Amino acid sequence: MKCVISLGGGGNFGDEIREIFSETGLLSKSPDFEYRAEQQQMAGEVAEALEGERSLVIEAGTGVGKSLAYLIPAIQYAIRNGKKAVLSTHTINLQEQLMGKDLPIVRKLLTSDFDAALLKGRGNYLCPLRLRRAMDNGGDLFTTSEREELMAIWKWSETTHDGTRSDLDFEPALKVWLQVCSEAHICTQKTCAPRGNCFFQEARKRAAAATVLVVNHSLFFSLLNPEDEWHEKETGFLVPNDFVIFDEAHTLESVAAKSLGLRVSQAGLRFDLQRLYHHKTGKGLLKYAGATDAMHAARHVLEQSEIFFESVGQEATFKDWSREFRVREPEIVDNTLSEPLRECWSAIEQAAEGIEDETKRNELMDGARRLRELHGGLKMFLDQEDDESVYWVEKGGNEGTSFSLNAAPINIADRLRPILFGPDKSCITTSATLGTGDEQLRYFRERVGADHVPAVKIGSPFDYQKQMSIYVIKSMPDPRDDDYEKMLIHWIERVLIKTEGKAFVLFTSHRLLRSVAEEMEDFFEDHGWTLLAQGAGMPRQKMVETFREDIHSVLFGTDSFWAGVDVPGEALSNVIVTRIPFAVPDHPLTAARLEEIEAEGGNSFMDYSVPEAVIKLRQGVGRLIRSKKDSGMVVILDNRVVTKRYGKTFLAALPNAPVKIVD
């Protein structure tokens, strides 16, 4: 049965929306509707914030149905007032869920239709013009195997509807894809839009016209500095007269710090240079353009870059197991790359001037622009131009012999406050895990600059007293004890036997995960259970799919498995937390944040380390109960939650389930 929502005016907007979500409201006429007081409350709060053109921070527990609770008021408000609703999620997967599942439900309910558009970052879209150019000149640009991939992309381009990389049934080599994807200074409205077949330009047109625009957080922050084809923002975020709703908002601080920060990597520079000209294969844009002087210059920069980053590695002193080294003073090394980079981009620009073909010339100019940006990034890092940022060197690669230069703002709140929560802006942030137990969600609000924004905390409709049991193993030794790993394995085995597998085992250390997985191989073989260990070669999504299908399997995961994984049903009946997930205090960005808190007279452990760990623990525990039919147990193999004074903060923030202390 179709349920329709009238868009007629009159009355309080919040009350209108609450009535829609009521037990006898319009939504109740849908056979799929299940009344939830928490969902009704959230929808009303969102509606009133939008009507008052103000911001709102709202935590909605698992099971509230928050997508529908913000979509219906947001879309109805946008249609009624001629505004654009910008919906931002954490990942592309969540974007696609909104577009493929949630928005079609809303569309069935509304009497007035609306257009919704999903926009990904430029680099996700195929540019047919660049693909055609690459096909015509593949001999100068690609090796034989790369040309085979190019041909596969060509065949795919004839059938794809959205032209984005996620629609491909294989993962193309980065070098090949970057030669055919949309680029800001090559794939423009002038060169591509008139053809009507450019996937990005068409997506951009749909985004500009749509009532609802779905983006992810990283793209949102990149669009705050729009290219010339985007409208002037005036008082809006991305376009005039818009408002934004951030779902999974607990990731905002980390995403914003990365987006507003800096990264110059040895591997990235090498890639850009070899894309211009690879002296071993003799391929590249410069060979294709016949730019001999620029080819020599590119090879020289590559040689000098290897020397430069080797000197960076010699100056950086990495502690055991650490991959980061904080740089506290400017000019950790001399900027020996400045002049070679300048000579190279000058040679490229000179070669480009003599080329009549506009697309070919733009490809070269884009290569020169990338080198200019690298030059600027190097200078910014070595001179430490921003006093309010922290700087560090990070080592990567299998042997730890590749380095990157990084910077990030220490206090992101001061940057975000005017951007997101300034006057005449309506920004709604929501997640199931924003707070640390307090009703006002102070910690999250202060971290993202929403300290003046009202907050609402809404609980879960799940009956945790009946659906979940929490066990704390008090007899677990300190992680520094010699028998810690032995006891960890003992308790993991004991708990897994109780639920016959069906468990997530969440670690905070890749090294410990690998060690425990190796020691427990015989245990899993004896019981006939599949062990899925992160880092063993299986992609993350494939691990989750296998876990769902193999009813007695066990998944060992670290950071990315603490959040964003949804496995309802019997397959996940047990979540084992090996340690309280405190952030590593020696990471430069974490260390700088702790220092800032101490400098301002605060307690860095209680004011930052504990709240961060509480939120992450809540996310990990939240993997267990995903529906009213789910049930299971959470086992915490860290006795600090009952032996330390701060442990009460962790237990108080967890779902209201029975807690049992096991000696």
# chains A, B, ... in the order shown; residues from 1 in each chain; ligands from 1
$ residues_around --residues "region 66-73 of chain A" --least-positions-apart "6" --cutoff "7 Å" --atoms "only C-alpha atoms" --output "PDB file with all heavy atoms, in the first residue's frame"
ATOM      1  N   ILE A  17       5.843  16.676  11.195  1.00  0.00           N
ATOM      2  CA  ILE A  17       6.722  15.526  10.999  1.00  0.00           C
ATOM      3  C   ILE A  17       6.479  14.473  12.086  1.00  0.00           C
ATOM      4  O   ILE A  17       6.438  13.265  11.803  1.00  0.00           O
ATOM      5  CB  ILE A  17       8.195  15.975  10.991  1.00  0.00           C
ATOM      6  CG1 ILE A  17       8.470  16.879   9.779  1.00  0.00           C
ATOM      7  CG2 ILE A  17       9.126  14.771  10.973  1.00  0.00           C
ATOM      8  CD1 ILE A  17       8.279  16.197   8.433  1.00  0.00           C
ATOM      9  N   GLN A  39      12.569   7.217  16.854  1.00  0.00           N
ATOM     10  CA  GLN A  39      12.622   7.725  15.475  1.00  0.00           C
ATOM     11  C   GLN A  39      11.727   8.946  15.324  1.00  0.00           C
ATOM     12  O   GLN A  39      12.101   9.936  14.680  1.00  0.00           O
ATOM     13  CB  GLN A  39      12.192   6.628  14.504  1.00  0.00           C
ATOM     14  CG  GLN A  39      12.339   7.016  13.035  1.00  0.00           C
ATOM     15  CD  GLN A  39      11.878   5.908  12.112  1.00  0.00           C
ATOM     16  OE1 GLN A  39      10.766   5.384  12.257  1.00  0.00           O
ATOM     17  NE2 GLN A  39      12.725   5.528  11.165  1.00  0.00           N
ATOM     18  N   MET A  42      13.479  11.924  16.913  1.00  0.00           N
ATOM     19  CA  MET A  42      14.580  12.443  16.100  1.00  0.00           C
ATOM     20  C   MET A  42      14.056  13.231  14.904  1.00  0.00           C
ATOM     21  O   MET A  42      14.551  14.317  14.586  1.00  0.00           O
ATOM     22  CB  MET A  42      15.474  11.306  15.617  1.00  0.00           C
ATOM     23  CG  MET A  42      16.610  11.791  14.721  1.00  0.00           C
ATOM     24  SD  MET A  42      17.739  10.482  14.210  1.00  0.00           S
ATOM     25  CE  MET A  42      18.795  11.405  13.078  1.00  0.00           C
ATOM     26  N   ALA A  43      13.045  12.683  14.229  1.00  0.00           N
ATOM     27  CA  ALA A  43      12.486  13.365  13.056  1.00  0.00           C
ATOM     28  C   ALA A  43      11.953  14.743  13.432  1.00  0.00           C
ATOM     29  O   ALA A  43      12.155  15.729  12.701  1.00  0.00           O
ATOM     30  CB  ALA A  43      11.379  12.512  12.440  1.00  0.00           C
ATOM     31  N   VAL A  46      14.926  17.169  14.067  1.00  0.00           N
ATOM     32  CA  VAL A  46      15.534  17.597  12.805  1.00  0.00           C
ATOM     33  C   VAL A  46      14.654  18.635  12.123  1.00  0.00           C
ATOM     34  O   VAL A  46      15.142  19.665  11.625  1.00  0.00           O
ATOM     35  CB  VAL A  46      15.767  16.382  11.875  1.00  0.00           C
ATOM     36  CG1 VAL A  46      16.182  16.840  10.475  1.00  0.00           C
ATOM     37  CG2 VAL A  46      16.836  15.455  12.459  1.00  0.00           C
ATOM     38  N   ALA A  47      13.346  18.383  12.095  1.00  0.00           N
ATOM     39  CA  ALA A  47      12.414  19.310  11.439  1.00  0.00           C
ATOM     40  C   ALA A  47      12.460  20.694  12.086  1.00  0.00           C
ATOM     41  O   ALA A  47      12.498  21.720  11.394  1.00  0.00           O
ATOM     42  CB  ALA A  47      11.000  18.746  11.495  1.00  0.00           C
ATOM     43  N   ALA A  60      21.713   9.321  17.941  1.00  0.00           N
ATOM     44  CA  ALA A  60      20.558   8.420  17.863  1.00  0.00           C
ATOM     45  C   ALA A  60      21.079   6.995  17.934  1.00  0.00           C
ATOM     46  O   ALA A  60      21.831   6.556  17.055  1.00  0.00           O
ATOM     47  CB  ALA A  60      19.793   8.657  16.560  1.00  0.00           C
ATOM     48  N   VAL A 106      11.747   6.900   0.508  1.00  0.00           N
ATOM     49  CA  VAL A 106      11.165   8.233   0.710  1.00  0.00           C
ATOM     50  C   VAL A 106      10.410   8.682  -0.536  1.00  0.00           C
ATOM     51  O   VAL A 106       9.331   9.279  -0.443  1.00  0.00           O
ATOM     52  CB  VAL A 106      12.269   9.244   1.071  1.00  0.00           C
ATOM     53  CG1 VAL A 106      11.689  10.644   1.218  1.00  0.00           C
ATOM     54  CG2 VAL A 106      12.976   8.830   2.358  1.00  0.00           C
TER      55      VAL A 106
END
$ select_by_dssp --residues "region 394-454 of chain A" --states "strand (DSSP E or B)" --output "PyMOL selection string"
chain A and resi 394-396+402-409+427-431
$ select_by_dssp --residues "region 58-216 of chain A" --states "alpha helix (DSSP H)" --output "PyMOL selection string"
chain A and resi 66-81+92-97+103-109+128-136+138-141+144-157+174-178+199-209
$ residues_around --residues "Phe547 (chain A)" --least-positions-apart "4" --cutoff "9 Å" --atoms "only C-alpha atoms" --output "list in words"
Lys502, Thr530, Leu532, Lys542, Met543, Ile551, His552, Ser553, Val554, Leu555, Val567, Ala571 and Leu572 of chain A
$ write_last_selection --atoms "N, CA and C atoms" --output "compact mmCIF listing (two decimals), in the first residue's frame"
# COMPACT_ATOMS: atom_id res chain seq x y z
N LYS A 502 31.24 -17.75 15.62
CA LYS A 502 30.26 -16.67 15.43
C LYS A 502 30.70 -15.37 16.10
N THR A 530 36.34 -21.53 10.54
CA THR A 530 37.17 -20.69 9.66
C THR A 530 37.66 -19.46 10.42
N LEU A 532 39.16 -15.84 9.90
CA LEU A 532 39.37 -14.75 8.95
C LEU A 532 40.19 -13.68 9.65
N LYS A 542 35.28 -8.68 1.41
CA LYS A 542 35.19 -10.12 1.19
C LYS A 542 35.21 -10.87 2.53
N MET A 543 36.01 -10.37 3.49
CA MET A 543 36.03 -10.98 4.82
C MET A 543 34.65 -10.93 5.46
N ILE A 551 28.61 -19.72 9.04
CA ILE A 551 27.93 -19.44 10.30
C ILE A 551 28.82 -19.61 11.53
N HIS A 552 29.86 -20.45 11.46
CA HIS A 552 30.71 -20.68 12.63
C HIS A 552 32.08 -20.00 12.50
N SER A 553 32.23 -19.10 11.58
CA SER A 553 33.53 -18.46 11.37
C SER A 553 33.81 -17.42 12.45
N VAL A 554 35.09 -17.04 12.55
CA VAL A 554 35.54 -16.03 13.51
C VAL A 554 36.40 -15.02 12.77
N LEU A 555 36.15 -13.75 13.02
CA LEU A 555 36.89 -12.70 12.33
C LEU A 555 37.77 -11.95 13.32
N VAL A 567 26.43 -6.83 10.64
CA VAL A 567 26.18 -8.26 10.45
C VAL A 567 25.04 -8.68 11.37
N ALA A 571 25.01 -15.08 12.73
CA ALA A 571 26.42 -15.14 12.33
C ALA A 571 27.33 -14.39 13.29
N LEU A 572 26.83 -13.28 13.86
CA LEU A 572 27.61 -12.54 14.86
C LEU A 572 26.86 -12.59 16.18
$ residues_around --residues "Ile661 (chain A)" --least-positions-apart "5" --cutoff "12 Å" --atoms "only C-alpha atoms" --output "list of chain:residue names"
A:Ser469, A:Ile470, A:Tyr471, A:Val472, A:Ile473, A:Lys474, A:Ser475, A:Met476, A:Val634, A:Val635, A:Ile636, A:Leu637, A:Asp638, A:Asn639, A:Arg640, A:Val641, A:Val642, A:Thr643, A:Leu651
$ write_last_selection --atoms "N, CA and C atoms" --output "PDB file, in the first residue's frame"
ATOM      1  N   SER A 469      24.499  -9.519  26.923  1.00  0.00           N
ATOM      2  CA  SER A 469      25.183  -9.686  28.204  1.00  0.00           C
ATOM      3  C   SER A 469      26.622  -9.226  28.035  1.00  0.00           C
ATOM      4  N   ILE A 470      27.140  -8.504  29.024  1.00  0.00           N
ATOM      5  CA  ILE A 470      28.512  -8.013  28.980  1.00  0.00           C
ATOM      6  C   ILE A 470      29.323  -8.718  30.065  1.00  0.00           C
ATOM      7  N   TYR A 471      30.432  -9.314  29.659  1.00  0.00           N
ATOM      8  CA  TYR A 471      31.319 -10.004  30.596  1.00  0.00           C
ATOM      9  C   TYR A 471      32.662  -9.275  30.630  1.00  0.00           C
ATOM     10  N   VAL A 472      33.160  -9.007  31.819  1.00  0.00           N
ATOM     11  CA  VAL A 472      34.476  -8.404  31.998  1.00  0.00           C
ATOM     12  C   VAL A 472      35.365  -9.424  32.703  1.00  0.00           C
ATOM     13  N   ILE A 473      36.484  -9.788  32.068  1.00  0.00           N
ATOM     14  CA  ILE A 473      37.385 -10.796  32.632  1.00  0.00           C
ATOM     15  C   ILE A 473      38.391 -10.092  33.543  1.00  0.00           C
ATOM     16  N   LYS A 474      38.110 -10.110  34.833  1.00  0.00           N
ATOM     17  CA  LYS A 474      38.919  -9.378  35.806  1.00  0.00           C
ATOM     18  C   LYS A 474      40.298  -9.995  35.989  1.00  0.00           C
ATOM     19  N   SER A 475      40.426 -11.287  35.734  1.00  0.00           N
ATOM     20  CA  SER A 475      41.697 -11.975  35.971  1.00  0.00           C
ATOM     21  C   SER A 475      42.718 -11.795  34.854  1.00  0.00           C
ATOM     22  N   MET A 476      42.345 -11.078  33.796  1.00  0.00           N
ATOM     23  CA  MET A 476      43.318 -10.840  32.721  1.00  0.00           C
ATOM     24  C   MET A 476      44.511 -10.035  33.247  1.00  0.00           C
ATOM     25  N   VAL A 634      29.023  -9.705  24.814  1.00  0.00           N
ATOM     26  CA  VAL A 634      30.229  -8.901  24.641  1.00  0.00           C
ATOM     27  C   VAL A 634      31.192  -9.307  25.751  1.00  0.00           C
ATOM     28  N   VAL A 635      32.421  -9.618  25.389  1.00  0.00           N
ATOM     29  CA  VAL A 635      33.428 -10.015  26.369  1.00  0.00           C
ATOM     30  C   VAL A 635      34.584  -9.026  26.306  1.00  0.00           C
ATOM     31  N   ILE A 636      34.883  -8.390  27.418  1.00  0.00           N
ATOM     32  CA  ILE A 636      35.974  -7.402  27.477  1.00  0.00           C
ATOM     33  C   ILE A 636      37.152  -8.037  28.215  1.00  0.00           C
ATOM     34  N   LEU A 637      38.244  -8.283  27.483  1.00  0.00           N
ATOM     35  CA  LEU A 637      39.431  -8.920  28.050  1.00  0.00           C
ATOM     36  C   LEU A 637      40.435  -7.870  28.518  1.00  0.00           C
ATOM     37  N   ASP A 638      39.930  -6.875  29.226  1.00  0.00           N
ATOM     38  CA  ASP A 638      40.772  -5.799  29.756  1.00  0.00           C
ATOM     39  C   ASP A 638      40.176  -5.397  31.103  1.00  0.00           C
ATOM     40  N   ASN A 639      40.878  -5.763  32.179  1.00  0.00           N
ATOM     41  CA  ASN A 639      40.292  -5.552  33.505  1.00  0.00           C
ATOM     42  C   ASN A 639      40.311  -4.102  33.974  1.00  0.00           C
ATOM     43  N   ARG A 640      40.888  -3.210  33.184  1.00  0.00           N
ATOM     44  CA  ARG A 640      40.948  -1.813  33.598  1.00  0.00           C
ATOM     45  C   ARG A 640      39.572  -1.172  33.727  1.00  0.00           C
ATOM     46  N   VAL A 641      38.567  -1.737  33.050  1.00  0.00           N
ATOM     47  CA  VAL A 641      37.221  -1.168  33.158  1.00  0.00           C
ATOM     48  C   VAL A 641      36.613  -1.413  34.539  1.00  0.00           C
ATOM     49  N   VAL A 642      37.232  -2.311  35.348  1.00  0.00           N
ATOM     50  CA  VAL A 642      36.731  -2.521  36.714  1.00  0.00           C
ATOM     51  C   VAL A 642      37.799  -2.256  37.776  1.00  0.00           C
ATOM     52  N   THR A 643      39.080  -2.144  37.368  1.00  0.00           N
ATOM     53  CA  THR A 643      40.133  -1.927  38.369  1.00  0.00           C
ATOM     54  C   THR A 643      40.623  -0.485  38.409  1.00  0.00           C
ATOM     55  N   LEU A 651      32.068   1.701  31.358  1.00  0.00           N
ATOM     56  CA  LEU A 651      30.886   0.874  31.605  1.00  0.00           C
ATOM     57  C   LEU A 651      29.602   1.692  31.539  1.00  0.00           C
TER      58      LEU A 651
END
$ residues_around --residues "region 303-318 of chain A" --least-positions-apart "2" --cutoff "8 Å" --atoms "only C-alpha atoms" --output "list of chain:residue names"
A:Gln266, A:Leu269, A:Arg270, A:Arg299, A:His300, A:Val301, A:Asp320, A:Ser322, A:Arg323, A:Glu324, A:Phe325, A:Ile332, A:Val333, A:Asn335, A:Thr336, A:Leu337, A:Pro340, A:Val393, A:Lys395, A:Thr401, A:Ser402, A:Phe403
$ residues_around --residues "region 81-95 of chain A" --least-positions-apart "5" --cutoff "8 Å" --atoms "only C-alpha atoms" --output "list in words"
Ala74, Ile75, Leu118, Lys120, Ala210, Thr211, Val212, Leu213, Val214, Val215, Asn216, His217, Ser218, Phe220, Asn241, Asp242, Phe243, Val244, Ile245, Phe246, Asp247, Glu248, Ala249 and Thr251 of chain A
$ write_last_selection --atoms "N, CA, C and O atoms" --output "short mmCIF file (atom, residue, chain, number, x, y, z; two decimals), in the first residue's frame"
data_model
loop_
_atom_site.label_atom_id
_atom_site.label_comp_id
_atom_site.auth_asym_id
_atom_site.auth_seq_id
_atom_site.Cartn_x
_atom_site.Cartn_y
_atom_site.Cartn_z
N ALA A 74 14.10 16.48 5.99
CA ALA A 74 15.04 17.25 5.17
C ALA A 74 14.50 17.46 3.77
O ALA A 74 14.54 18.58 3.23
N ILE A 75 13.97 16.41 3.16
CA ILE A 75 13.49 16.52 1.78
C ILE A 75 12.21 17.35 1.73
O ILE A 75 12.02 18.19 0.84
N LEU A 118 23.93 11.53 -6.66
CA LEU A 118 25.11 11.10 -5.91
C LEU A 118 26.34 11.66 -6.63
O LEU A 118 26.47 11.51 -7.84
N LYS A 120 30.55 11.71 -6.51
CA LYS A 120 31.81 11.21 -5.96
C LYS A 120 32.93 12.16 -6.37
O LYS A 120 32.73 13.08 -7.17
N ALA A 210 19.68 18.95 -8.64
CA ALA A 210 18.97 18.07 -7.71
C ALA A 210 18.54 18.78 -6.44
O ALA A 210 19.21 19.71 -5.96
N THR A 211 17.43 18.33 -5.88
CA THR A 211 16.99 18.80 -4.57
C THR A 211 17.86 18.20 -3.47
O THR A 211 18.14 18.83 -2.46
N VAL A 212 18.28 16.95 -3.68
CA VAL A 212 19.09 16.22 -2.71
C VAL A 212 20.43 15.85 -3.34
O VAL A 212 20.47 15.23 -4.40
N LEU A 213 21.51 16.24 -2.68
CA LEU A 213 22.86 15.90 -3.16
C LEU A 213 23.53 15.03 -2.11
O LEU A 213 23.66 15.42 -0.95
N VAL A 214 23.96 13.84 -2.51
CA VAL A 214 24.61 12.89 -1.60
C VAL A 214 26.10 12.87 -1.88
O VAL A 214 26.53 12.57 -3.00
N VAL A 215 26.90 13.20 -0.87
CA VAL A 215 28.36 13.23 -1.00
C VAL A 215 28.95 12.44 0.17
O VAL A 215 28.23 11.93 1.02
N ASN A 216 30.28 12.32 0.21
CA ASN A 216 30.92 11.79 1.42
C ASN A 216 31.74 12.91 2.06
O ASN A 216 31.98 13.95 1.46
N HIS A 217 32.17 12.67 3.30
CA HIS A 217 32.80 13.74 4.07
C HIS A 217 34.05 14.30 3.38
O HIS A 217 34.26 15.52 3.34
N SER A 218 34.89 13.42 2.84
CA SER A 218 36.12 13.88 2.18
C SER A 218 35.80 14.79 1.01
O SER A 218 36.41 15.84 0.82
N PHE A 220 33.03 16.47 0.56
CA PHE A 220 32.43 17.70 1.08
C PHE A 220 33.50 18.73 1.38
O PHE A 220 33.40 19.90 0.96
N ASN A 241 21.96 28.72 -0.55
CA ASN A 241 20.66 28.26 -0.09
C ASN A 241 20.61 26.75 0.16
O ASN A 241 19.61 26.10 -0.10
N ASP A 242 21.71 26.19 0.64
CA ASP A 242 21.69 24.76 0.97
C ASP A 242 21.78 24.57 2.48
O ASP A 242 22.00 25.51 3.24
N PHE A 243 21.58 23.36 2.92
CA PHE A 243 21.85 22.97 4.30
C PHE A 243 22.47 21.58 4.25
O PHE A 243 22.37 20.87 3.24
N VAL A 244 23.16 21.18 5.33
CA VAL A 244 23.89 19.91 5.29
C VAL A 244 23.53 19.05 6.49
O VAL A 244 23.32 19.55 7.60
N ILE A 245 23.43 17.75 6.24
CA ILE A 245 23.26 16.76 7.30
C ILE A 245 24.42 15.77 7.20
O ILE A 245 24.60 15.11 6.18
N PHE A 246 25.23 15.70 8.26
CA PHE A 246 26.35 14.76 8.32
C PHE A 246 25.90 13.50 9.07
O PHE A 246 25.62 13.56 10.27
N ASP A 247 25.82 12.37 8.36
CA ASP A 247 25.60 11.09 9.02
C ASP A 247 26.98 10.50 9.34
O ASP A 247 27.98 10.87 8.72
N GLU A 248 27.03 9.59 10.34
CA GLU A 248 28.32 9.06 10.80
C GLU A 248 29.26 10.22 11.16
O GLU A 248 30.43 10.23 10.78
N ALA A 249 28.72 11.18 11.87
CA ALA A 249 29.46 12.42 12.15
C ALA A 249 30.61 12.22 13.13
O ALA A 249 31.44 13.11 13.28
N THR A 251 33.13 10.69 12.68
CA THR A 251 34.38 10.67 11.91
C THR A 251 34.78 12.07 11.43
O THR A 251 35.83 12.22 10.79
#
$ atom_distance --atom1 "CA of Cys192 (chain A)" --atom2 "CA of Pro128 (chain A)"
8.5 Å
$ residues_around --residues "Phe221 (chain A)" --least-positions-apart "5" --cutoff "9 Å" --atoms "only C-alpha atoms" --output "number ranges by chain"
A: 216, 255-256, 259-260
$ closest_residue --among "A:Gly163, A:Gly121, A:Pro172, A:Gly537" --to "Ser222 (chain A)" --atoms "only C-alpha atoms"
A:Gly121
$ closest_residue --among "A:Leu496, A:Leu654, A:Leu302, A:Ile615" --to "Phe582 (chain A)" --atoms "only C-alpha atoms"
A:Ile615
$ atom_distance --atom1 "CA of Arg618 (chain A)" --atom2 "CA of Gly435 (chain A)"
9.4 Å
$ closest_residue --among "A:Ser265, A:Asn398, A:Gln274, A:Gln41" --to "Glu59 (chain A)" --atoms "only C-alpha atoms"
A:Gln41
$ decode --residues "region 163-180 of chain A" --atoms "N, CA, C and O atoms" --output "PDB file, in the first residue's frame"
ATOM      1  N   GLY A 163      29.705   5.323 -15.153  1.00  0.00           N
ATOM      2  CA  GLY A 163      31.093   5.610 -15.508  1.00  0.00           C
ATOM      3  C   GLY A 163      32.025   5.801 -14.339  1.00  0.00           C
ATOM      4  O   GLY A 163      33.052   6.466 -14.470  1.00  0.00           O
ATOM      5  N   THR A 164      31.707   5.216 -13.176  1.00  0.00           N
ATOM      6  CA  THR A 164      32.602   5.358 -12.035  1.00  0.00           C
ATOM      7  C   THR A 164      33.371   4.069 -11.804  1.00  0.00           C
ATOM      8  O   THR A 164      32.912   2.982 -12.146  1.00  0.00           O
ATOM      9  N   ARG A 165      34.525   4.203 -11.188  1.00  0.00           N
ATOM     10  CA  ARG A 165      35.446   3.079 -11.031  1.00  0.00           C
ATOM     11  C   ARG A 165      34.823   1.927 -10.259  1.00  0.00           C
ATOM     12  O   ARG A 165      35.133   0.762 -10.508  1.00  0.00           O
ATOM     13  N   SER A 166      33.924   2.227  -9.301  1.00  0.00           N
ATOM     14  CA  SER A 166      33.309   1.155  -8.526  1.00  0.00           C
ATOM     15  C   SER A 166      32.400   0.274  -9.378  1.00  0.00           C
ATOM     16  O   SER A 166      32.024  -0.827  -8.967  1.00  0.00           O
ATOM     17  N   ASP A 167      32.052   0.733 -10.586  1.00  0.00           N
ATOM     18  CA  ASP A 167      31.220  -0.048 -11.499  1.00  0.00           C
ATOM     19  C   ASP A 167      32.057  -1.037 -12.311  1.00  0.00           C
ATOM     20  O   ASP A 167      31.517  -1.928 -12.959  1.00  0.00           O
ATOM     21  N   LEU A 168      33.380  -0.883 -12.281  1.00  0.00           N
ATOM     22  CA  LEU A 168      34.274  -1.801 -12.987  1.00  0.00           C
ATOM     23  C   LEU A 168      34.324  -3.146 -12.268  1.00  0.00           C
ATOM     24  O   LEU A 168      34.263  -3.198 -11.040  1.00  0.00           O
ATOM     25  N   ASP A 169      34.464  -4.246 -13.026  1.00  0.00           N
ATOM     26  CA  ASP A 169      34.550  -5.560 -12.386  1.00  0.00           C
ATOM     27  C   ASP A 169      35.991  -5.983 -12.135  1.00  0.00           C
ATOM     28  O   ASP A 169      36.264  -7.136 -11.819  1.00  0.00           O
ATOM     29  N   PHE A 170      36.938  -5.044 -12.286  1.00  0.00           N
ATOM     30  CA  PHE A 170      38.328  -5.299 -11.921  1.00  0.00           C
ATOM     31  C   PHE A 170      38.938  -3.996 -11.438  1.00  0.00           C
ATOM     32  O   PHE A 170      38.400  -2.914 -11.670  1.00  0.00           O
ATOM     33  N   GLU A 171      40.057  -4.089 -10.723  1.00  0.00           N
ATOM     34  CA  GLU A 171      40.725  -2.902 -10.204  1.00  0.00           C
ATOM     35  C   GLU A 171      41.853  -2.517 -11.161  1.00  0.00           C
ATOM     36  O   GLU A 171      42.877  -3.200 -11.233  1.00  0.00           O
ATOM     37  N   PRO A 172      41.689  -1.431 -11.926  1.00  0.00           N
ATOM     38  CA  PRO A 172      42.720  -1.069 -12.895  1.00  0.00           C
ATOM     39  C   PRO A 172      43.972  -0.524 -12.216  1.00  0.00           C
ATOM     40  O   PRO A 172      43.908  -0.013 -11.092  1.00  0.00           O
ATOM     41  N   ALA A 173      45.100  -0.649 -12.895  1.00  0.00           N
ATOM     42  CA  ALA A 173      46.336  -0.060 -12.385  1.00  0.00           C
ATOM     43  C   ALA A 173      46.136   1.445 -12.248  1.00  0.00           C
ATOM     44  O   ALA A 173      45.493   2.080 -13.095  1.00  0.00           O
ATOM     45  N   LEU A 174      46.673   2.010 -11.180  1.00  0.00           N
ATOM     46  CA  LEU A 174      46.472   3.430 -10.912  1.00  0.00           C
ATOM     47  C   LEU A 174      46.970   4.285 -12.072  1.00  0.00           C
ATOM     48  O   LEU A 174      46.333   5.272 -12.454  1.00  0.00           O
ATOM     49  N   LYS A 175      48.117   3.907 -12.642  1.00  0.00           N
ATOM     50  CA  LYS A 175      48.670   4.689 -13.753  1.00  0.00           C
ATOM     51  C   LYS A 175      47.699   4.748 -14.928  1.00  0.00           C
ATOM     52  O   LYS A 175      47.519   5.803 -15.556  1.00  0.00           O
ATOM     53  N   VAL A 176      47.060   3.616 -15.214  1.00  0.00           N
ATOM     54  CA  VAL A 176      46.125   3.566 -16.344  1.00  0.00           C
ATOM     55  C   VAL A 176      44.883   4.399 -16.037  1.00  0.00           C
ATOM     56  O   VAL A 176      44.443   5.208 -16.849  1.00  0.00           O
ATOM     57  N   TRP A 177      44.323   4.190 -14.845  1.00  0.00           N
ATOM     58  CA  TRP A 177      43.091   4.902 -14.503  1.00  0.00           C
ATOM     59  C   TRP A 177      43.302   6.411 -14.476  1.00  0.00           C
ATOM     60  O   TRP A 177      42.456   7.173 -14.965  1.00  0.00           O
ATOM     61  N   LEU A 178      44.422   6.869 -13.917  1.00  0.00           N
ATOM     62  CA  LEU A 178      44.664   8.309 -13.823  1.00  0.00           C
ATOM     63  C   LEU A 178      44.851   8.957 -15.189  1.00  0.00           C
ATOM     64  O   LEU A 178      44.758  10.176 -15.319  1.00  0.00           O
ATOM     65  N   GLN A 179      45.096   8.157 -16.200  1.00  0.00           N
ATOM     66  CA  GLN A 179      45.245   8.700 -17.542  1.00  0.00           C
ATOM     67  C   GLN A 179      43.907   8.837 -18.262  1.00  0.00           C
ATOM     68  O   GLN A 179      43.819   9.496 -19.299  1.00  0.00           O
ATOM     69  N   VAL A 180      42.840   8.241 -17.678  1.00  0.00           N
ATOM     70  CA  VAL A 180      41.542   8.270 -18.361  1.00  0.00           C
ATOM     71  C   VAL A 180      40.419   8.834 -17.486  1.00  0.00           C
ATOM     72  O   VAL A 180      39.290   8.982 -17.954  1.00  0.00           O
TER      73      VAL A 180
END
